[in-house]
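Student: Next up is a structure, given as structure tokens.
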Amino acid sequence: MNRRKFLGLGVMAVAAMPATLSAISAIDFRATKPDTWTAHSVDDAIKALYGDIKPAEEGITVKLPKVASNGGAVPLTVKSDLKAKTVAVFQNMNPESAVAVFNVPEDGIIDYFLKIKLKGTDENGGNGIITVIVEGTDGKFYKGTQALQVAKGGCEG
Amino acid sequence: MANMKIKAKLKGDVVGAKVLAKHDMLTYDQAKAKGVEANFITHISAKVGDKVVYDVSTSQFWSKNPQFKFKFKGAKKGDELTITWTDLSGKSVTESKKIK
């Protein structure tokens with residue numbers, strides 16, 4: 001991304017905030033945590049977003065096809081009964097690793113479905129892994145992972 | 001109408017929403033290959049009245065014409081679900097649909 005545009009975006013987001021802040025609690029993680037979106041590894045992206053955390057591997061269901069026939073639109077479902085503040089989705093196949101950061105509203109239901117683009121394999125030719133981190137309202141972190149194979153990559157164009 | 005398709009249905013006390021947004025979602029790599037600027041949706045949020053029910057910052061790795069679903073409580077039949085997305089170029093699109 002070119003730097004000027006990125007900064008401009010941040011300014012816009014800040015400018016837009018006062019109008020919305022009173023009524024809603026929308027958070028633009030692209031503006032508040034810019035490093036998350038440019039990090040190339042899952043670990044770096046998590047660090048940029050949450051800092052040094054030691055998530056417990058429980059409480060999250062990540063649903064994916066074992067083998068995705070079309071990397072251009074891989075269906076992904078994230079479910080959890082945890083009381084959460086935020087939910088973040090990462091993968092290890094594309095040039096950057098962050099996919100989405102959800103800001104969970106109060107009493108929000110974590111049952112998200114989305115379709116994502118994935119390159120065939122990670123940099124070592126291994127399987128792809130989707131990592132989901134949930135930041136609980138209790139201040140603890142939780143992690144869920146799921147591996148998959150992609151038959152045909154979706155990022156080449 | 002042209003930019004988004006929204007379906008929202010109440011079941012018990014939970015609303016299930018299904019959305020299809022029309023957007024190329026060009027990644028940096030794809031845009032480079034085509035010789036154009038990358039552009040993708042960077043933020044999506046949904047509201048009922050003034051209450052946020054869905055709020056997500058997104059990356060270029062959502063699929064082309066991204067589809068997504070979510071669930072929430074606290075709305076009733078006939079309420080308007082309003083969804084707004086913003087992309088990297090600063091374009092913003094808002095559409096609403098009554099909950100069935």
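Just remember, in the structure tokens the first chain shown is A, the second B, etc., residues are 1-based per chain, and ligands are 1-based in the order shown.
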Please report as a PyMOL selection string which residues of chain B come no farther than 8 Å from chain A, using only C-alpha atoms.

Tutor: chain B and resi 27-30+33+38+42-43+45+50-64+66-73+88+90

Student: Excluding A:Gly51 and residues on its chain fewer than 3 positions from it, collect all residues at most 12 Å away from it, counting only C-alpha atoms, and give them as a count of residues only.

Tutor: 13

Student: Could you tell me how far atom CA of A:Glu58 lies from atom CA of A:His40, in Å and to one decimal?

Tutor: 25.0 Å

Student: So, counting only C-alpha atoms, which residue among B:Val36, B:Leu20, B:Ala31, B:Ile41 is closest to B:Asp87?

Tutor: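 Closest candidate: B:Ile41.
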
Student: DSSP on the backbone: which residues in stretch 16-129 of chain A end up as strand (DSSP E)? Give the answer as a VMD selection string.

Tutor: chain A and resid 60 to 63 67 to 68 74 to 80 84 to 91 98 to 103 110 to 116 128 to 129

Student: Could you please take those selected residues and save N, CA and C atoms as a JSON list (two decimals), in the first residue's frame?

Tutor:
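Wrote result-v3.json, looks like this:
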[["chain", "number", "residue", "atom", "x", "y", "z"],
["A", 60, "ILE", "N", -13.00, -22.71, 20.80],
["A", 60, "ILE", "CA", -13.29, -22.14, 19.48],
["A", 60, "ILE", "C", -13.43, -23.25, 18.45],
["A", 61, "THR", "N", -14.45, -23.15, 17.64],
["A", 61, "THR", "CA", -14.62, -24.10, 16.54],
["A", 61, "THR", "C", -14.33, -23.38, 15.23],
["A", 62, "VAL", "N", -13.41, -23.95, 14.45],
["A", 62, "VAL", "CA", -13.10, -23.39, 13.13],
["A", 62, "VAL", "C", -13.49, -24.45, 12.10],
["A", 63, "LYS", "N", -14.43, -24.10, 11.26],
["A", 63, "LYS", "CA", -14.90, -25.06, 10.26],
["A", 63, "LYS", "C", -14.40, -24.69, 8.88],
["A", 67, "VAL", "N", -10.15, -30.20, 2.04],
["A", 67, "VAL", "CA", -9.51, -29.83, 0.78],
["A", 67, "VAL", "C", -10.40, -28.83, 0.08],
["A", 68, "ALA", "N", -9.87, -27.64, -0.14],
["A", 68, "ALA", "CA", -10.65, -26.62, -0.84],
["A", 68, "ALA", "C", -10.36, -26.73, -2.33],
["A", 74, "VAL", "N", -12.81, -19.80, -0.22],
["A", 74, "VAL", "CA", -12.84, -20.91, 0.73],
["A", 74, "VAL", "C", -13.80, -20.56, 1.86],
["A", 75, "PRO", "N", -14.84, -21.36, 2.04],
["A", 75, "PRO", "CA", -15.79, -21.05, 3.11],
["A", 75, "PRO", "C", -15.19, -21.32, 4.48],
["A", 76, "LEU", "N", -15.39, -20.40, 5.39],
["A", 76, "LEU", "CA", -14.81, -20.50, 6.73],
["A", 76, "LEU", "C", -15.88, -20.11, 7.74],
["A", 77, "THR", "N", -16.04, -20.95, 8.75],
["A", 77, "THR", "CA", -16.98, -20.62, 9.82],
["A", 77, "THR", "C", -16.24, -20.61, 11.14],
["A", 78, "VAL", "N", -16.47, -19.58, 11.92],
["A", 78, "VAL", "CA", -15.88, -19.47, 13.25],
["A", 78, "VAL", "C", -17.01, -19.41, 14.27],
["A", 79, "LYS", "N", -16.97, -20.35, 15.22],
["A", 79, "LYS", "CA", -18.00, -20.37, 16.24],
["A", 79, "LYS", "C", -17.36, -20.45, 17.61],
["A", 80, "SER", "N", -18.00, -19.81, 18.57],
["A", 80, "SER", "CA", -17.53, -19.93, 19.93],
["A", 80, "SER", "C", -18.61, -19.46, 20.89],
["A", 84, "ALA", "N", -16.75, -12.68, 24.29],
["A", 84, "ALA", "CA", -15.56, -12.12, 23.66],
["A", 84, "ALA", "C", -15.65, -10.62, 23.41],
["A", 85, "LYS", "N", -14.47, -10.02, 23.36],
["A", 85, "LYS", "CA", -14.35, -8.62, 22.97],
["A", 85, "LYS", "C", -14.03, -8.56, 21.49],
["A", 86, "THR", "N", -13.02, -9.34, 21.09],
["A", 86, "THR", "CA", -12.63, -9.36, 19.69],
["A", 86, "THR", "C", -12.34, -10.79, 19.23],
["A", 87, "VAL", "N", -12.47, -10.97, 17.92],
["A", 87, "VAL", "CA", -12.12, -12.24, 17.30],
["A", 87, "VAL", "C", -11.26, -11.91, 16.08],
["A", 88, "ALA", "N", -10.10, -12.57, 15.98],
["A", 88, "ALA", "CA", -9.22, -12.28, 14.85],
["A", 88, "ALA", "C", -8.92, -13.55, 14.07],
["A", 89, "VAL", "N", -8.91, -13.43, 12.75],
["A", 89, "VAL", "CA", -8.66, -14.58, 11.88],
["A", 89, "VAL", "C", -7.37, -14.37, 11.09],
["A", 90, "PHE", "N", -6.50, -15.38, 11.13],
["A", 90, "PHE", "CA", -5.23, -15.32, 10.40],
["A", 90, "PHE", "C", -5.04, -16.59, 9.57],
["A", 91, "GLN", "N", -4.18, -16.50, 8.56],
["A", 91, "GLN", "CA", -3.81, -17.69, 7.81],
["A", 91, "GLN", "C", -2.33, -17.58, 7.44],
["A", 98, "ALA", "N", -3.10, -11.44, 8.13],
["A", 98, "ALA", "CA", -4.38, -11.07, 8.74],
["A", 98, "ALA", "C", -5.52, -11.17, 7.72],
["A", 99, "VAL", "N", -6.64, -11.70, 8.16],
["A", 99, "VAL", "CA", -7.81, -11.82, 7.30],
["A", 99, "VAL", "C", -8.92, -10.89, 7.79],
["A", 100, "ALA", "N", -9.18, -10.97, 9.08],
["A", 100, "ALA", "CA", -10.27, -10.16, 9.62],
["A", 100, "ALA", "C", -10.11, -10.01, 11.12],
["A", 101, "VAL", "N", -10.54, -8.86, 11.63],
["A", 101, "VAL", "CA", -10.63, -8.68, 13.07],
["A", 101, "VAL", "C", -12.03, -8.20, 13.38],
["A", 102, "PHE", "N", -12.77, -9.03, 14.09],
["A", 102, "PHE", "CA", -14.14, -8.70, 14.46],
["A", 102, "PHE", "C", -14.14, -8.00, 15.81],
["A", 103, "ASN", "N", -14.95, -6.98, 15.89],
["A", 103, "ASN", "CA", -15.18, -6.32, 17.16],
["A", 103, "ASN", "C", -16.54, -6.82, 17.64],
["A", 110, "ILE", "N", -20.90, -15.30, 18.52],
["A", 110, "ILE", "CA", -19.78, -15.60, 17.63],
["A", 110, "ILE", "C", -20.17, -16.77, 16.76],
["A", 111, "ASP", "N", -20.65, -16.44, 15.60],
["A", 111, "ASP", "CA", -21.00, -17.43, 14.59],
["A", 111, "ASP", "C", -20.83, -16.72, 13.25],
["A", 112, "TYR", "N", -19.60, -16.66, 12.81],
["A", 112, "TYR", "CA", -19.28, -15.89, 11.62],
["A", 112, "TYR", "C", -18.96, -16.80, 10.45],
["A", 113, "PHE", "N", -19.51, -16.47, 9.32],
["A", 113, "PHE", "CA", -19.19, -17.19, 8.11],
["A", 113, "PHE", "C", -18.64, -16.18, 7.11],
["A", 114, "LEU", "N", -17.54, -16.55, 6.45],
["A", 114, "LEU", "CA", -17.06, -15.70, 5.37],
["A", 114, "LEU", "C", -16.30, -16.54, 4.37],
["A", 115, "LYS", "N", -16.05, -15.96, 3.22],
["A", 115, "LYS", "CA", -15.28, -16.68, 2.22],
["A", 115, "LYS", "C", -13.97, -15.95, 2.00],
["A", 116, "ILE", "N", -12.89, -16.73, 1.95],
["A", 116, "ILE", "CA", -11.58, -16.09, 1.83],
["A", 116, "ILE", "C", -10.78, -16.66, 0.66],
["A", 128, "GLY", "N", -1.95, -25.40, 4.63],
["A", 128, "GLY", "CA", -2.39, -24.13, 5.17],
["A", 128, "GLY", "C", -3.01, -24.32, 6.53],
["A", 129, "ILE", "N", -2.84, -23.33, 7.36],
["A", 129, "ILE", "CA", -3.47, -23.37, 8.68],
["A", 129, "ILE", "C", -4.18, -22.05, 8.93]]

Student: May I ask which of the residues B:Ile99, B:Val19, B:Val14, B:Ile44 is the closest one to B:Thr86, counting only C-alpha atoms?

Tutor: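 Closest candidate: B:Ile44.
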
Student: Go through B:Leu10, B:Ala75, B:Met25, B:Ala46 and flag the residue nearest B:Ser96, using only C-alpha atoms for the distances.

Tutor: B:Ala46

Student: Have a look at atom CA of A:Ile130 and atom CA of A:Ala39 and let me know their distance in Å, one decimal.

Tutor: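 These atoms are spaced 15.3 Å apart.
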
Student: Atom CA of A:Met93 and atom CA of A:Gly136 are how many Å apart?

Tutor: 26.6 Å
